[in-house]
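Okay, final.txt is below, compact mmCIF, C-alpha atoms:
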# COMPACT_ATOMS: atom_id res chain seq x y z
CA MET A 1 2.39 -36.24 -14.34
CA ASN A 2 4.97 -34.47 -12.18
CA LYS A 3 5.97 -30.81 -12.59
CA THR A 4 8.28 -28.49 -10.68
CA PHE A 5 6.84 -26.37 -7.87
CA TYR A 6 8.80 -23.84 -5.83
CA PHE A 7 8.19 -23.96 -2.08
CA TYR A 8 8.88 -20.96 0.16
CA LYS A 9 9.24 -21.29 3.91
CA GLY A 10 8.96 -18.19 6.05
CA ASP A 11 11.19 -15.42 4.76
CA ILE A 12 13.45 -16.23 1.81
CA ASP A 13 14.20 -19.93 2.18
CA PHE A 14 12.92 -21.84 -0.84
CA THR A 15 13.47 -25.08 -2.72
CA PRO A 16 12.14 -26.68 -5.94
CA PHE A 17 10.29 -30.00 -5.77
CA GLU A 18 8.60 -32.17 -8.36
CA PHE A 19 5.05 -33.29 -7.55
CA ASP A 20 1.92 -34.34 -9.33
CA ASP A 21 -0.38 -31.35 -8.92
CA ASN A 22 -3.08 -33.61 -7.47
CA THR A 23 -0.87 -34.53 -4.51
CA THR A 24 -2.60 -33.49 -1.28
CA LEU A 25 -1.00 -30.96 1.05
CA ASP A 26 -0.56 -33.44 3.90
CA GLN A 27 1.53 -35.62 1.58
CA ILE A 28 3.49 -32.54 0.46
CA ARG A 29 4.18 -31.65 4.09
CA ASN A 30 5.52 -35.15 4.80
CA ASN A 31 7.81 -34.94 1.78
CA LEU A 32 9.15 -31.54 2.83
CA ILE A 33 9.99 -32.96 6.25
CA ALA A 34 11.62 -36.08 4.82
CA SER A 35 13.77 -33.93 2.51
CA GLY A 36 15.02 -31.81 5.41
CA PHE A 37 13.41 -28.62 4.12
CA MET A 38 11.38 -28.51 7.33
CA THR A 39 12.02 -30.16 10.69
CA PRO A 40 9.15 -32.09 12.32
CA SER A 41 8.85 -29.44 15.05
CA GLU A 42 8.72 -26.62 12.48
CA SER A 43 6.01 -28.50 10.65
CA THR A 44 3.92 -29.04 13.76
CA ASP A 45 4.35 -25.69 15.50
CA LYS A 46 5.12 -23.12 12.83
CA PHE A 47 4.46 -23.38 9.14
CA ARG A 48 1.08 -23.42 7.38
CA PHE A 49 0.25 -23.42 3.68
CA ILE A 50 -1.16 -20.24 2.14
CA ASN A 51 -4.05 -20.62 -0.30
CA TYR A 52 -2.79 -18.35 -3.05
CA GLN A 53 -5.98 -18.81 -5.04
CA ASN A 54 -8.19 -17.57 -2.23
CA THR A 55 -10.63 -14.76 -3.01
CA SER A 56 -12.07 -14.49 0.49
CA LEU A 57 -10.83 -12.01 3.09
CA LYS A 58 -11.21 -14.45 5.99
CA TYR A 59 -8.09 -15.67 7.77
CA GLU A 60 -9.26 -19.28 7.73
CA ASP A 61 -9.56 -19.13 3.94
CA MET A 62 -6.12 -17.56 3.54
CA VAL A 63 -4.23 -19.97 5.80
CA VAL A 64 -4.89 -23.68 5.36
CA GLY A 65 -5.52 -25.55 8.60
CA ILE A 66 -3.48 -28.72 9.12
CA GLY A 67 -6.67 -30.72 9.62
CA THR A 68 -7.90 -29.86 6.12
CA GLU A 69 -4.64 -30.49 4.23
CA LYS A 70 -5.65 -34.07 3.42
CA TYR A 71 -8.56 -32.74 1.34
CA ILE A 72 -6.71 -30.09 -0.68
CA PRO A 73 -4.52 -30.83 -3.73
CA LEU A 74 -1.40 -28.82 -4.49
CA ARG A 75 -3.02 -27.36 -7.62
CA GLY A 76 -5.68 -25.82 -5.38
CA VAL A 77 -3.29 -23.49 -3.53
CA ALA A 78 -0.27 -22.89 -5.82
CA GLY A 79 0.33 -19.31 -6.90
CA ILE A 80 2.12 -17.45 -9.67
CA ASN A 81 4.66 -19.55 -11.59
CA ASP A 82 3.78 -22.62 -9.52
CA GLN A 83 5.04 -21.01 -6.30
CA THR A 84 3.72 -22.35 -3.01
CA TYR A 85 4.09 -20.59 0.31
CA LEU A 86 4.27 -21.63 3.92
CA THR A 87 3.95 -18.86 6.48
CA ASP A 88 5.24 -18.93 10.06
CA VAL A 89 2.24 -18.52 12.37
CA SER A 90 4.26 -18.71 15.60
CA PRO A 91 5.94 -15.27 16.10
CA LYS A 92 4.08 -12.83 18.35
CA LYS A 93 5.98 -9.70 17.32
CA LYS A 94 7.75 -10.10 13.97
CA THR A 95 4.77 -11.87 12.46
CA ASP A 96 4.32 -12.37 8.72
CA PHE A 97 1.70 -10.20 7.01
CA ILE A 98 -0.77 -11.79 4.60
CA GLY A 99 -2.88 -9.64 2.29
CA PHE A 100 -3.84 -8.80 -1.26
CA SER A 101 -1.41 -6.86 -3.42
CA THR A 102 -2.94 -3.73 -4.88
CA ASP A 103 -1.93 -0.68 -6.91
CA TRP A 104 -4.27 1.63 -4.96
CA TRP A 105 -5.95 1.84 -1.57
CA PHE A 106 -9.58 2.95 -1.57
CA ASP A 107 -12.15 4.58 0.65
CA ARG A 108 -15.47 5.75 -0.76
CA TYR A 109 -14.63 8.09 -3.67
CA MET A 110 -10.96 8.56 -2.88
CA SER A 111 -7.96 6.43 -3.77
CA CYS A 112 -4.27 6.82 -2.97
CA ARG A 113 -0.91 5.14 -3.13
CA MET A 114 2.78 5.53 -2.26
CA ARG A 115 5.29 5.26 -5.10
CA LEU A 116 8.92 6.01 -5.89
CA ASN A 117 9.58 9.63 -6.83
CA THR A 118 10.56 9.30 -10.48
CA THR A 119 10.33 12.98 -11.35
CA ASP A 120 12.79 14.99 -9.23
CA THR A 121 16.36 14.66 -10.48
CA GLU A 122 18.03 13.88 -7.14
CA ALA A 123 15.24 11.45 -6.23
CA LYS A 124 15.64 9.53 -9.48
CA ASN A 125 19.36 9.17 -8.81
CA ALA A 126 18.80 8.04 -5.21
CA ASN A 127 16.15 5.51 -6.26
CA LYS A 128 18.25 3.70 -8.86
CA GLY A 129 18.01 -0.04 -8.24
CA LYS A 130 15.21 0.27 -5.66
CA PHE A 131 11.89 -1.55 -5.83
CA GLN A 132 8.57 0.20 -6.05
CA PRO A 133 6.88 0.26 -2.63
CA PHE A 134 4.76 -2.87 -2.28
CA MET A 135 1.19 -2.23 -1.13
CA LEU A 136 -1.15 -4.69 0.57
CA THR A 137 -4.79 -4.30 1.56
CA ASN A 138 -7.08 -6.41 3.77
CA VAL A 139 -3.97 -7.44 5.68
CA LYS A 140 -4.03 -10.18 8.30
CA THR A 141 -1.23 -11.29 10.59
CA ALA A 142 -0.07 -14.88 10.20
CA ASP A 143 -0.93 -15.51 13.85
CA PRO A 144 -4.74 -15.22 14.10
CA ASP A 145 -4.59 -14.76 17.87
CA LEU A 146 -2.18 -11.85 17.81
CA PRO A 147 -3.70 -9.12 19.99
CA GLY A 148 -3.45 -5.39 19.40
CA GLN A 149 -3.42 -3.08 16.44
CA SER A 150 -4.98 -3.96 13.10
CA PHE A 151 -2.89 -3.38 9.97
CA GLU A 152 -5.56 -3.33 7.27
CA ASN A 153 -3.35 -1.49 4.77
CA ILE A 154 0.45 -1.65 4.74
CA VAL A 155 3.21 -0.53 2.41
CA VAL A 156 6.71 -1.99 2.44
CA CYS A 157 9.61 0.03 1.02
CA GLU A 158 13.31 -0.33 0.62
CA LYS A 159 15.21 1.80 3.16
CA ASP A 160 16.06 5.33 2.02
CA SER A 161 13.61 5.26 -0.90
CA ILE A 162 12.54 8.73 -2.00
CA ILE A 163 8.80 8.55 -2.46
CA GLN A 164 5.72 10.47 -3.53
CA PHE A 165 2.02 10.15 -2.76
CA ASP A 166 -0.61 9.94 -5.51
CA ILE A 167 -4.27 10.72 -4.89
CA GLY A 168 -7.38 10.26 -7.01
CA SER A 169 -10.61 11.81 -5.78
CA TRP A 170 -14.08 12.97 -6.66
CA ALA A 171 -14.50 16.75 -6.41
CA ALA A 172 -17.01 19.58 -6.62
CA ALA A 173 -15.24 22.93 -7.22
CA GLY A 174 -12.25 20.92 -6.10
CA TYR A 175 -10.99 18.80 -3.27
CA GLY A 176 -8.57 19.45 -0.45
CA TYR A 177 -6.16 16.91 0.96
CA THR A 178 -3.75 16.26 3.81
CA ILE A 179 -1.13 13.54 4.28
CA LYS A 180 0.24 13.00 7.76
CA PRO A 181 1.46 10.42 10.26
CA THR A 182 -0.15 10.16 13.70
CA SER A 183 3.07 11.62 15.12
CA GLY A 184 5.92 13.47 13.48
CA SER A 185 5.87 16.11 10.76
CA PRO A 186 2.86 16.16 8.39
CA ILE A 187 3.78 15.86 4.73
CA ASN A 188 1.67 18.97 4.16
CA SER A 189 1.09 20.98 7.33
CA THR A 190 -1.56 23.10 5.57
CA PRO A 191 -4.13 21.78 3.09
CA LEU A 192 -3.39 21.49 -0.61
CA TYR A 193 -6.07 21.58 -3.28
CA ARG A 194 -6.97 20.21 -6.70
CA THR A 195 -9.46 22.60 -8.31
CA TYR A 196 -11.70 22.86 -11.37
CA THR A 197 -13.25 25.69 -13.35
CA THR A 198 -16.31 23.67 -14.36
CA CYS A 199 -19.27 22.33 -12.42
CA PRO A 200 -20.65 19.31 -14.28
CA LYS A 201 -24.28 18.59 -13.53
CA ASP A 202 -23.62 14.96 -14.36
CA GLY A 203 -21.82 13.53 -11.34
CA GLY A 204 -19.04 16.00 -10.51
CA ASN A 205 -15.35 16.29 -11.22
CA TYR A 206 -12.66 13.68 -10.76
CA GLY A 207 -8.89 14.03 -10.91
CA LYS A 208 -5.48 13.07 -9.61
CA SER A 209 -2.85 14.87 -7.55
CA SER A 210 0.71 13.98 -6.63
CA LEU A 211 2.80 15.29 -3.75
CA ARG A 212 6.56 14.78 -3.97
CA CYS A 213 7.70 16.98 -1.09
CA TYR A 214 6.95 18.37 2.34
CA PHE A 215 4.70 21.41 2.15
CA THR A 216 5.51 23.26 5.38
CA LYS A 217 5.77 26.98 4.66
CA ASN A 218 8.18 28.99 6.83
CA GLU A 219 9.85 25.80 8.07
CA SER A 220 13.28 24.45 7.11
CA GLN A 221 11.86 21.25 5.61
CA HIS A 222 9.56 23.12 3.19
CA GLN A 223 9.65 21.47 -0.25
CA SER A 224 12.21 18.88 0.83
CA THR A 225 11.75 15.54 -0.92
CA ILE A 226 10.40 12.65 1.17
CA LYS A 227 12.57 9.75 2.35
CA VAL A 228 11.44 6.53 4.04
CA VAL A 229 13.55 5.40 7.01
CA ALA A 230 13.32 2.90 9.86
CA THR A 231 11.73 4.37 12.99
CA HIS A 232 14.56 3.06 15.20
CA THR A 233 16.88 5.62 13.57
CA LEU A 234 14.82 8.41 15.21
CA ASP A 235 14.69 9.39 18.87
CA ILE A 236 10.95 8.85 19.33
CA GLY A 237 10.83 7.17 22.73
CA GLY A 238 9.14 3.90 21.81
CA LYS A 239 6.34 5.52 19.79
CA GLU A 240 7.02 3.64 16.55
CA LEU A 241 3.35 2.87 15.97
CA ASN A 242 2.36 6.54 15.91
CA TYR A 243 5.11 7.38 13.44
CA MET A 244 4.40 4.52 11.04
CA LYS A 245 0.61 5.09 10.95
CA PHE A 246 -0.37 7.52 8.17
CA SER A 247 -3.63 9.11 7.06
CA ILE A 248 -4.52 10.47 3.61
CA ARG A 249 -7.80 12.39 3.53
CA THR A 250 -9.75 14.35 0.88
CA TRP A 251 -12.74 16.64 1.37
CA LYS A 252 -15.07 18.79 -0.71
CA VAL A 253 -14.25 22.34 -1.88
CA THR A 254 -17.30 24.40 -2.89
CA GLU A 255 -15.74 27.74 -3.90
CA TYR A 256 -12.39 29.43 -4.53
CA LYS A 257 -10.91 32.47 -6.27
CA SER A 258 -8.14 32.40 -8.90
CA GLY A 259 -6.99 34.97 -11.45
CA GLY A 260 -9.61 37.44 -10.28
CA LYS A 261 -12.48 35.00 -10.93
CA VAL A 262 -14.63 33.12 -8.43
CA TYR A 263 -15.45 29.49 -9.17
CA LYS A 264 -18.33 27.71 -7.43
CA CYS A 265 -19.61 24.15 -7.39
CA ASN A 266 -21.54 22.70 -4.48
CA LEU A 267 -22.66 19.33 -5.77
CA PRO A 268 -23.53 16.71 -3.13
CA LEU A 269 -21.12 13.82 -2.62
CA PRO A 270 -22.11 10.79 -4.69
CA VAL A 271 -23.63 7.81 -2.97
CA PRO A 272 -20.70 5.64 -1.84
CA TYR A 273 -19.70 3.04 -4.42
CA GLU A 274 -22.35 4.22 -6.91
CA LYS A 275 -21.42 2.34 -10.08
CA GLU A 276 -23.25 4.85 -12.27
CA PHE A 277 -20.81 7.60 -11.24
CA VAL A 278 -17.83 5.55 -12.32
CA ALA A 279 -19.37 5.03 -15.74
CA LYS A 280 -19.99 8.77 -16.14
CA SER A 281 -16.42 9.77 -15.27
CA THR A 282 -15.03 9.69 -18.78
CA SER A 283 -12.42 12.46 -18.50
CA ILE A 284 -9.93 10.24 -16.70
CA GLU A 285 -9.67 6.54 -16.08
CA THR A 286 -10.82 5.80 -12.55
CA PRO A 287 -9.16 3.10 -10.47
CA TYR A 288 -12.42 1.95 -8.86
CA THR A 289 -13.19 -0.81 -11.33
CA LYS A 290 -11.19 -3.38 -9.37
CA LEU A 291 -10.21 -3.35 -5.72
CA VAL A 292 -7.10 -5.48 -6.03
CA ASN A 293 -5.06 -6.47 -9.03
CA GLY A 294 -2.99 -9.26 -7.54
CA ASP A 295 -3.14 -12.47 -5.62
CA GLU A 296 -2.52 -12.91 -1.95
CA SER A 297 1.00 -11.95 -0.96
CA ILE A 298 3.14 -12.58 2.09
CA ILE A 299 5.56 -10.07 3.56
CA PRO A 300 7.82 -11.96 6.00
CA GLY A 301 7.94 -10.28 9.39
CA THR A 302 11.57 -11.19 9.98
CA THR A 303 12.70 -9.14 6.95
CA ILE A 304 10.95 -5.85 7.79
CA GLU A 305 10.80 -3.25 10.54
CA PRO A 306 8.62 -0.19 11.28
CA GLY A 307 9.18 2.77 8.97
CA THR A 308 8.23 6.42 8.60
CA THR A 309 9.10 9.44 6.46
CA VAL A 310 11.61 12.26 6.99
CA PRO A 311 12.74 15.24 4.89
CA THR A 312 15.83 14.52 2.79
CA GLY A 313 17.05 18.12 2.83
CA THR A 314 17.10 18.11 -0.98
CA GLN A 315 14.59 20.45 -2.60
CA SER A 316 11.92 19.08 -4.90
CA GLU A 317 11.33 20.67 -8.27
CA GLN A 318 7.56 20.51 -7.78
CA ASN A 319 5.70 23.79 -8.28
CA PHE A 320 2.52 24.93 -6.56
CA GLY A 321 -0.14 27.33 -7.79
CA THR A 322 -2.06 29.76 -5.60
CA ILE A 323 -5.78 30.14 -4.96
CA TYR A 324 -7.69 32.38 -2.54
CA ASN A 325 -10.85 32.54 -0.47
CA VAL A 326 -11.26 28.76 -0.39
CA LYS A 327 -14.57 27.56 0.99
CA ASP A 328 -14.24 24.02 2.23
CA SER A 329 -15.01 21.92 5.26
CA GLN A 330 -13.64 18.76 6.85
CA SER A 331 -16.86 18.04 8.66
CA PRO A 332 -17.98 14.38 8.30
CA GLU A 333 -20.58 15.12 5.62
CA ASN A 334 -17.89 16.70 3.39
CA ILE A 335 -15.20 14.03 3.72
CA ILE A 336 -14.77 12.29 0.37
CA GLY A 337 -12.55 9.52 1.72
CA GLU A 338 -9.77 8.70 4.14
CA VAL A 339 -7.24 5.85 4.03
CA ILE A 340 -5.17 4.73 7.02
CA PHE A 341 -2.00 2.74 6.31
CA TYR A 342 1.22 1.63 8.00
CA VAL A 343 4.76 1.91 6.68
CA PHE A 344 7.42 -0.80 6.93
CA VAL A 345 10.92 -0.95 5.49
CA PHE A 346 13.16 -3.84 4.55
CA LYS A 347 15.99 -4.31 7.01
CA THR A 348 18.54 -4.82 4.24
CA LYS A 349 18.70 -4.48 0.48
CA GLU A 350 19.43 -8.22 0.34
CA ASP A 351 16.09 -8.89 2.05
CA ALA A 352 14.33 -6.60 -0.41
CA ASP A 353 15.97 -8.29 -3.38
CA ALA A 354 15.10 -11.74 -2.07
CA VAL A 355 11.47 -11.02 -1.24
CA PHE A 356 10.66 -9.10 -4.40
CA GLY A 357 12.86 -11.07 -6.75
CA LYS A 358 11.61 -14.45 -5.63
CA MET A 359 8.37 -14.30 -3.71
CA ASN A 360 6.14 -11.53 -4.99
CA ASP A 361 6.77 -11.46 -8.73
CA ILE A 362 5.71 -7.82 -8.94
CA ASP A 363 5.28 -5.67 -12.00
CA PRO A 364 8.30 -3.33 -12.01
CA SER A 365 6.69 -0.70 -14.24
CA ILE A 366 6.76 2.82 -12.81
CA TRP A 367 3.71 5.03 -12.93
CA MET A 368 4.46 8.64 -13.86
CA GLU A 369 2.06 11.51 -14.22
CA ASP A 370 2.57 15.25 -13.72
CA GLU A 371 -0.14 16.98 -11.74
CA ASP A 372 -0.29 20.58 -10.53
CA ASN A 373 -1.15 21.00 -6.85
CA LYS A 374 -2.43 24.25 -5.47
CA GLU A 375 -2.25 25.78 -2.02
Written as structure tokens, how would this file's structure read?
Amino acid sequence: MNKTFYFYKGDIDFTPFEFDDNTTLDQIRNNLIASGFMTPSESTDKFRFINYQNTSLKYEDMVVGIGTEKYIPLRGVAGINDQTYLTDVSPKKKTDFIGFSTDWWFDRYMSCRMRLNTTDTEAKNANKGKFQPFMLTNVKTADPDLPGQSFENIVVCEKDSIIQFDIGSWAAAGYGYTIKPTSGSPINSTPLYRTYTTCPKDGGNYGKSSLRCYFTKNESQHQSTIKVVATHTLDIGGKELNYMKFSIRTWKVTEYKSGGKVYKCNLPLPVPYEKEFVAKSTSIETPYTKLVNGDESIIPGTTIEPGTTVPTGTQSEQNFGTIYNVKDSQSPENIIGEVIFYVFVFKTKEDADAVFGKMNDIDPSIWMEDEDNKE
């Protein structure tokens, strides 16, 4: 019995077709050529089916080889709402990215994400109509032979989005954190901290922080909200990669002073990925229960370009507390986690609308939570 499937080719070109869901992919390919949706040369040299039901992280399981198409039925690869994707494996520079959509990135007992700033008044106004940044993890390029830099984690934003960073981390007396690109201005040029007045003997503390602005005391950009722009708009001398590569790191705090009192907690870091710790953390819902919450997704390389962050010049309304005599260390044994990711932006709003409205079927809900950060 035939049903309607929606086929996407490369960036935003798509067409509906009716097929029996047992039709093999080689037959589908022939029909797409005969209909004019793909030319014979495109079919041979460029486009490959994506297995949207894949749960493996291997490239060969994500991208279906032409030689195996005769064994695979359409129902075996179709994605959300009967959408089926063909990715262009031929470009060497503007290559498509294939990965798993996720709400959070993870490393050991730290998680983080980039989201729209939905708290500051000016940011909310500037973000009207914009999509939430779209995060991928375990990212592969569509061309398996593409040499050079790995993009394990990427985030794609609409140009001029005003964003914030959210962090969840294990802690002792607290945790410190920094957010910075390889080159360019750090989001916080000095550490910020999330602290606790208790020292549980049963696993440690756990909590979330959000940073909505640059924290660069005695500099003009201090407390300016954070805007995402294309790197080509900056005079950076061909160093786009260094500006689009970001690090978010947390580390253990063992002691600090606040309100005339000294608070201490020097618990050892939990064993990485210890399931028992997750079960014991009842004060706040941890995001570690599932690595990814979505299927494979494709971000077309022709619709995006390298991105980075800059100060907007508009002051954030975020407030910061003050603590003293912090005892902490960023030595390897005290690092709780560190995530490296790369920023891309859509070239046009039309591209953003097309990709998100048609291809990715994302959840548009906006996460909001107020957290106090301390310096």
Legend entry - Point (-6.2, 29.4, -9.0) neighbourhood (6 Å, all atoms listed in the file) written as a list in words: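 I get Ser258, Thr322 and Ile323 of chain A for the residues within 6 Å of that point.
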Which residues of region 153-201 of chain A have any atom within 8 Å of an atom in region 95-115 of chain A when counting only C-alpha atoms, and what is the closest pair of atoms for each, with the distance in Å to one decimal? Order the rows by chain and rising number and write it as JSON lines.
{"residue": "A:Asn153", "atom": "CA", "partner": "A:Trp105", "partner_atom": "CA", "distance": 7.6}
{"residue": "A:Val155", "atom": "CA", "partner": "A:Met114", "partner_atom": "CA", "distance": 7.7}
{"residue": "A:Ile163", "atom": "CA", "partner": "A:Arg115", "partner_atom": "CA", "distance": 5.5}
{"residue": "A:Gln164", "atom": "CA", "partner": "A:Arg115", "partner_atom": "CA", "distance": 5.5}
{"residue": "A:Phe165", "atom": "CA", "partner": "A:Met114", "partner_atom": "CA", "distance": 4.7}
{"residue": "A:Asp166", "atom": "CA", "partner": "A:Arg113", "partner_atom": "CA", "distance": 5.4}
{"residue": "A:Ile167", "atom": "CA", "partner": "A:Cys112", "partner_atom": "CA", "distance": 4.3}
{"residue": "A:Gly168", "atom": "CA", "partner": "A:Ser111", "partner_atom": "CA", "distance": 5.1}
{"residue": "A:Ser169", "atom": "CA", "partner": "A:Met110", "partner_atom": "CA", "distance": 4.4}
{"residue": "A:Trp170", "atom": "CA", "partner": "A:Tyr109", "partner_atom": "CA", "distance": 5.7}
Inset, instruction - Rank nothing, just name the residue among A:Phe37, A:Phe7, A:Phe246, A:Tyr342 nearest to Cys157 (chain A), using all atoms listed in the file. - result: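 The shortest atom-to-atom distance to Cys157 (chain A) comes from A:Tyr342.
For the pair CA of Phe346 (chain A) and CA of Val156 (chain A), the interatomic distance is 7.0 Å.
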Inset, instruction - Give me, please, the distance in Å between CA of Glu219 (chain A) and CA of Pro186 (chain A), quoted to one decimal. - result: 11.9 Å
Inset, instruction - Return the single residue from A:Glu158, A:Asp353, A:Glu255, A:Asp143 that is closest to Glu60 (chain A), with distances computed using only C-alpha atoms. - result: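 Once distances to Glu60 (chain A) are computed over only C-alpha atoms, the minimum belongs to A:Asp143.
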Inset, instruction - Fewer than 5 positions away in the same chain doesn't count, so skip those; otherwise give me all residues within 7 Å of Lys3 (chain A), counting all atoms listed in the file, as a list in words. - result: Glu18, Phe19 and Asp20 of chain A
Inset, instruction - Could you tell me how far CA of Phe49 (chain A) lies from CA of Asn31 (chain A), in Å and to one decimal? - result: 13.9 Å
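For the set A:Thr231, A:Ser316, A:Ile72, A:Glu296, the residue with the smallest atom-to-atom gap to Thr55 (chain A) is A:Glu296, counting only C-alpha atoms.
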Residues near Gly301 (chain A), cut-off 10 Å, all atoms listed in the file, skip fewer than 3 positions along chain, as a tab-separated table (two decimals) with C-alpha atoms, in the coordinates of the input:
chain	number	residue	atom	x	y	z
A	10	GLY	CA	8.96	-18.19	6.05
A	11	ASP	CA	11.19	-15.42	4.76
A	87	THR	CA	3.95	-18.86	6.48
A	88	ASP	CA	5.24	-18.93	10.06
A	91	PRO	CA	5.94	-15.27	16.10
A	93	LYS	CA	5.98	-9.70	17.32
A	94	LYS	CA	7.75	-10.10	13.97
A	95	THR	CA	4.77	-11.87	12.46
A	96	ASP	CA	4.32	-12.37	8.72
A	97	PHE	CA	1.70	-10.20	7.01
A	141	THR	CA	-1.23	-11.29	10.59
A	142	ALA	CA	-0.07	-14.88	10.20
A	298	ILE	CA	3.14	-12.58	2.09
A	304	ILE	CA	10.95	-5.85	7.79
A	305	GLU	CA	10.80	-3.25	10.54
A	344	PHE	CA	7.42	-0.80	6.93
A	346	PHE	CA	13.16	-3.84	4.55
